[in-house]
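**Q** Below is one structure. I have some questions about it.
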Amino acid sequence: MREITYAQAINEALRQCMKEDERVVLLGEDIGVYGGIFQVTAGLLDEFGKERVIDTPIAEAGFVGACVGAALTGMRPVVEIMFIDFTTVCMDMIINQMAKMHYMFGGQGKVPVVLRVNIGAGRGAAAQHSQSFHALFMHIPGLYVVAPSTPYDAKGLMIEAIKNDNPVIFVEHKKLYVEKGDVPAEGYTIPFGKAEIKREGSDLTIVATHAMVMRSLRAAEEAAKEGIDVEVVDPRTLTPFDKVTILKSVKKTGRLLVADEGHKTCGVAAEISAMVAEEGIFDLKAPVVRVCSPDTPVPFSPPLEQAYIPDVKDLLPALKRLMEYA
Amino acid sequence: MATEVVVPMLGITVEKGTIVEWLKSEGDLVEKGEIIFIVETEKVTTEVESPASGILAKIIVPVGVEVPVLTLAAVITEPGEELPAEYATRAIEGPPGKAKVKTQGEQAPVSTTPPQTPATPTGSIEAVPAARKLAQEKGIDLKTVSGTGPGGIIVIHDVEAALKPRVEPAVKVSTLARKLAEKEGIPLEGIEGTGIRGRIMQDDLRRAAEEKAAHGLGKVVQMNSMRKVIARRMAESAVNAPHIYFFTDVWMEPILDFRQDILPDFEKKFGLRPSVNDFLIKAVALNILDFPILNATLKGEEIHILPEVNICLAVALPEGLMVPAIANADKVGLAGIIQQRKDLVQRARSGKLSMDELERGTFTISSLTQYDITYFTAILNPPQSGILTVGKTRDELAMVDGEVEVKKVSTFGLSVDHRIIDGAVAADFLQNLKWKLERPSFTFLTV
């Protein structure tokens, strides 16, 4: 099959949806002429014109608010926030407006917005452009939170997000944009709430998100050389969340490692660990281990940043520690 | 009041015994009827029950010392009672080389109050949830499980391991045997224990070692206790009892056909298959009723004609011979003989015969029918006065009404103690036995 990058896969999903449905419009900073800071929207301005691909001022609260309004009146806006770090300036729009409207008006209105953000450290972008606080959105009822880890998932989940009638926080990962993978040319969707087992194994389950999936697969290959058979489960969407697949995997292996690039405290990994503790504790042969970013801001210094990012260097020792619980 | 515990009488010919294991220690509470020690004799191993409830105040006979039966082995006192002074200094030296270690009298002063239960470690037991759940499901007390996980936490494997012994019990081995095994470097695995509950005894170890050693020339093999008994008794018998031997050919077809004839109905009714030996045992028992002197024992200058007819059946074992006796073979029916015979042979092979079963015999049958042996002589099994030998059943040409016919024939031999049985009596006995076996429908009319 044809290989394209993660960024190209999202671009293709947007293009296909825009072709199919003229209510789909894009808004964001530098998404038109420049093609987006990570080139996710490259070429779309030329193809669909400036009425559907709108370069906005640096005023997130304003243009996200505009998207909520547009969605309520029947449009299907896809809005890009250049870095997830900048959602903090439009949280009112996201949490109090976008997520609440459908509930507050008894279902009379709907807000089919897709809010694209990206997370991840590793580009030397310092503490305000490298954060991974996607877990914040999981905390808010009324928002879907999507976390694609491969080009294939990115395209399928993006089309599903645009077709979804509810607000979706579409969380991309900076380091994945250039990763290539098999992606069908035609349009397809991946249903929300359906995890995928990215690697089957019998000794230990890693539930991983975003770039941690790729890193976990590498760690699993390393561990396999020592006879540790690792299963890697990718939830793909954080809200809704596929408990069944995770609990089934934990039942099989008895050992759980949760890998997410967000901070450890109150993060995605905390939520998954708590869920397993509540519903699957008697299957556990060992304590749950979380491999996450430390509870500090992302450092600017490249060596420190590398040390900060959870990777194979952190996963492998954690795996081995878990296997000590024979 | 203090109660004395003695090494019990273990049969008429048994004079000595060795305590191979104390199941209780000094100061332990014991219940009347509870097994407190295990004693081994030349022939069997027996559990000895406590004759009273109280405190095992003093152990006098340590493990590993051969003592005469009825030797004072221990003293049991009532709770709160002082150990009477006359026992305080009583002690028997332990086996050479370990006297100091094993004389339990030297241990801490005898306590006459119940011992304190050792304090159990307080605080929670660390176990992973899956292990905890498994333990709960299988009814395993986590206190009894030792953890091998990080920091000593109980992991699932530990609980699984704790489950296993219930299925495959650990090797049970007597203290002496374990020491011998350690000393000689003999692995305990694969050795069949003949002690109580399959416990591996010293003799089993020796036997295992001998079996290895026996295959080959130029070796010296230590006799085990069974071999020693056989050696002593056979020599005594050969020297003391003048043997005379008698042989006759028994026509076997009638008894073989008779057996075939009744087999289906017998099996249907009793669920048992009589062997030729079972008929033979019965016929011998009935024949003894006609010749009671063959059921006699010589004691000094008295001939004791014994009241019960208990027929011994020699059972060949890899390490020797056991001769358990079928009790009251004259009185019990054929089905009863079969049941006893099967049970005794099986228990002889697993070393689980009681003293009584080995001692009660009054006459012995030794059969080598499965070998290509025409006939043989046997040494009397003392204190018995008669032993019957049975050779293979063979084809013989015979003249019947002027025609040559093939007959199935077995040569029976009889050895008797000439001190009390004369040749004519013995001949008569054997001839009558032959008659009985050749006319089975009449012989077994009432069986």
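Identifiers in the structure tokens: chain A, B, ... in order shown; residue index from 1 per chain; ligand index from 1 in order shown.
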Using only C-alpha atoms, find which residues of chain A lie within 7 Å of chain B and jot them down as a PDB file with N, CA and C atoms, in the first residue's frame.
**A**
ATOM      1  N   ILE A 281      -8.418  -5.408  39.105  1.00  0.00           N
ATOM      2  CA  ILE A 281      -7.263  -5.546  40.016  1.00  0.00           C
ATOM      3  C   ILE A 281      -6.884  -6.992  40.285  1.00  0.00           C
ATOM      4  N   PHE A 282      -7.865  -7.880  40.305  1.00  0.00           N
ATOM      5  CA  PHE A 282      -7.531  -9.258  40.679  1.00  0.00           C
ATOM      6  C   PHE A 282      -6.855 -10.028  39.547  1.00  0.00           C
ATOM      7  N   ASP A 283      -6.746  -9.360  38.399  1.00  0.00           N
ATOM      8  CA  ASP A 283      -5.975  -9.993  37.334  1.00  0.00           C
ATOM      9  C   ASP A 283      -4.506  -9.580  37.400  1.00  0.00           C
ATOM     10  N   LEU A 284      -4.204  -8.634  38.289  1.00  0.00           N
ATOM     11  CA  LEU A 284      -2.853  -8.077  38.293  1.00  0.00           C
ATOM     12  C   LEU A 284      -1.883  -8.934  39.086  1.00  0.00           C
ATOM     13  N   LYS A 285      -0.824  -9.322  38.412  1.00  0.00           N
ATOM     14  CA  LYS A 285       0.223 -10.104  39.069  1.00  0.00           C
ATOM     15  C   LYS A 285       1.328  -9.181  39.574  1.00  0.00           C
ATOM     16  N   ALA A 286       1.219  -7.922  39.251  1.00  0.00           N
ATOM     17  CA  ALA A 286       2.275  -6.978  39.607  1.00  0.00           C
ATOM     18  C   ALA A 286       1.645  -5.598  39.736  1.00  0.00           C
ATOM     19  N   GLU A 324       9.793  -8.959  37.139  1.00  0.00           N
ATOM     20  CA  GLU A 324      10.324  -9.560  38.372  1.00  0.00           C
ATOM     21  C   GLU A 324       9.205 -10.166  39.215  1.00  0.00           C
ATOM     22  N   TYR A 325       7.983  -9.692  38.960  1.00  0.00           N
ATOM     23  CA  TYR A 325       6.836 -10.300  39.649  1.00  0.00           C
ATOM     24  C   TYR A 325       6.436 -11.521  38.842  1.00  0.00           C
ATOM     25  N   ALA A 326       7.152 -12.596  39.082  1.00  0.00           N
ATOM     26  CA  ALA A 326       7.019 -13.779  38.221  1.00  0.00           C
ATOM     27  C   ALA A 326       5.631 -14.396  38.351  1.00  0.00           C
TER      28      ALA A 326
END
**Q** Write out as a PyMOL selection string which residues come within 10 Å of Glu29 (chain A) when counting only C-alpha atoms, dropping same-chain ones fewer than 3 positions away.
**A** chain A and resi 32-37+54-60+63+79-82
**Q** Just the number, please: distance in Å from CA of Ile244 (chain B) to CA of Val315 (chain B), one decimal.
**A**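 Computing the Euclidean distance for CA of Ile244 (chain B) and CA of Val315 (chain B) yields 23.5 Å.
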**Q** How far is it from CA of Glu182 (chain B) to CA of Gly27 (chain B), in Å with one decimal?
**A**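 Atom-to-atom, CA of Glu182 (chain B) to CA of Gly27 (chain B), that is 28.9 Å.
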**Q** Tell me which of A:Lys320, A:Arg215, A:Arg23, A:Lys194 sits closest to Asp242 (chain A), counting only C-alpha atoms.
**A**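 Comparing A:Lys320, A:Arg215, A:Arg23, A:Lys194 against Asp242 (chain A), the winner is A:Lys194.
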**Q** When you draw a straight line from CA of Val220 (chain B) to CA of Met322 (chain B), how long is it in Å?
**A**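 Distance between the two atoms: 23.7 Å.
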**Q** Point out the residue among B:Pro274, B:Gly218, B:Pro51, B:Gly351 with the least atom-to-atom distance to Gly193 (chain B), counting only C-alpha atoms.
**A** B:Gly351
**Q** With a distance cut-off of 12 Å and only C-alpha atoms, select the neighbouring residues of Arg15 (chain A), excluding the residue or stretch itself and same-chain residues fewer than 5 positions from it, and output the selection as a list in words.
**A**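 In the requested format, the answer is Gln8, Ala9, Ile10, Glu20, Asp21, Glu22, Val24, Val25, Leu26, Val40, Thr41, Ala42, Gly43, Leu44, Leu45, Asp46, Glu47, Phe48, Arg52, Val53, Val78, Lys155, Met158, Ile159, Ile162, Ala185, Glu186 and Gly187 of chain A.
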**Q** With C-alpha atoms retained, could you export that selection as a PDB file, in the first residue's frame?
**A**
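See part_11.pdb below for the written result:
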ATOM      1  CA  GLN A   8      -0.267  14.129   4.847  1.00  0.00           C
ATOM      2  CA  ALA A   9      -2.861  11.639   6.126  1.00  0.00           C
ATOM      3  CA  ILE A  10      -4.658  14.367   8.077  1.00  0.00           C
ATOM      4  CA  GLU A  20     -17.618  15.939   0.029  1.00  0.00           C
ATOM      5  CA  ASP A  21     -19.223  18.517   2.281  1.00  0.00           C
ATOM      6  CA  GLU A  22     -19.002  22.250   1.651  1.00  0.00           C
ATOM      7  CA  VAL A  24     -16.479  21.875   6.259  1.00  0.00           C
ATOM      8  CA  VAL A  25     -14.283  24.962   6.715  1.00  0.00           C
ATOM      9  CA  LEU A  26     -10.831  25.403   8.233  1.00  0.00           C
ATOM     10  CA  VAL A  40      -1.007  19.781   7.773  1.00  0.00           C
ATOM     11  CA  THR A  41      -3.203  22.132   5.745  1.00  0.00           C
ATOM     12  CA  ALA A  42      -0.738  22.639   2.893  1.00  0.00           C
ATOM     13  CA  GLY A  43      -2.400  23.166  -0.497  1.00  0.00           C
ATOM     14  CA  LEU A  44      -5.916  23.405   0.829  1.00  0.00           C
ATOM     15  CA  LEU A  45      -6.166  27.184   0.430  1.00  0.00           C
ATOM     16  CA  ASP A  46      -5.350  26.845  -3.238  1.00  0.00           C
ATOM     17  CA  GLU A  47      -7.826  24.063  -3.680  1.00  0.00           C
ATOM     18  CA  PHE A  48     -10.769  25.391  -1.692  1.00  0.00           C
ATOM     19  CA  ARG A  52     -13.130  27.858   3.379  1.00  0.00           C
ATOM     20  CA  VAL A  53      -9.518  28.052   4.551  1.00  0.00           C
ATOM     21  CA  VAL A  78     -12.129  22.350  11.749  1.00  0.00           C
ATOM     22  CA  LYS A 155      -6.898   9.832   8.582  1.00  0.00           C
ATOM     23  CA  MET A 158     -10.166  12.716  11.344  1.00  0.00           C
ATOM     24  CA  ILE A 159     -12.919  11.790   8.898  1.00  0.00           C
ATOM     25  CA  ILE A 162     -15.591  15.726  11.078  1.00  0.00           C
ATOM     26  CA  ALA A 185      -6.213   6.681  -0.834  1.00  0.00           C
ATOM     27  CA  GLU A 186      -9.960   6.427  -0.451  1.00  0.00           C
ATOM     28  CA  GLY A 187     -11.843   7.810   2.535  1.00  0.00           C
TER      29      GLY A 187
END
**Q** Applying 10 Å and only C-alpha atoms, which residues near Ser25 (chain B) remain after dropping the ones on its own chain fewer than 5 positions away? List them as a VMD selection string.
**A** chain B and resid 30 36 to 37 55 to 59 104
**Q** Which polymer residues have any atom within 6 Å of an atom of region 132-146 of chain A, counting only C-alpha atoms, with same-chain residues fewer than 6 positions away left out, as a PyMOL selection string?
**A** chain A and resi 99+119-120+167-171+237-239+262+267-268
**Q** Take the selection from the previous step and output its residues with C-alpha atoms, as a short mmCIF file (atom, residue, chain, number, x, y, z; two decimals), in the first residue's frame.
**A**
data_model
loop_
_atom_site.label_atom_id
_atom_site.label_comp_id
_atom_site.auth_asym_id
_atom_site.auth_seq_id
_atom_site.Cartn_x
_atom_site.Cartn_y
_atom_site.Cartn_z
CA ALA A 99 -18.65 21.42 25.46
CA ILE A 119 1.32 17.80 21.76
CA GLY A 120 4.81 16.44 22.30
CA PRO A 167 -17.11 18.76 19.57
CA VAL A 168 -13.95 16.74 19.10
CA ILE A 169 -10.53 17.65 20.47
CA PHE A 170 -8.26 16.09 17.85
CA VAL A 171 -4.89 15.70 19.56
CA THR A 237 -9.56 7.69 21.45
CA LEU A 238 -9.28 8.77 25.08
CA THR A 239 -12.94 9.85 25.25
CA GLY A 262 1.53 13.79 29.50
CA GLY A 267 -2.72 12.29 33.47
CA VAL A 268 -4.05 9.85 30.93
#
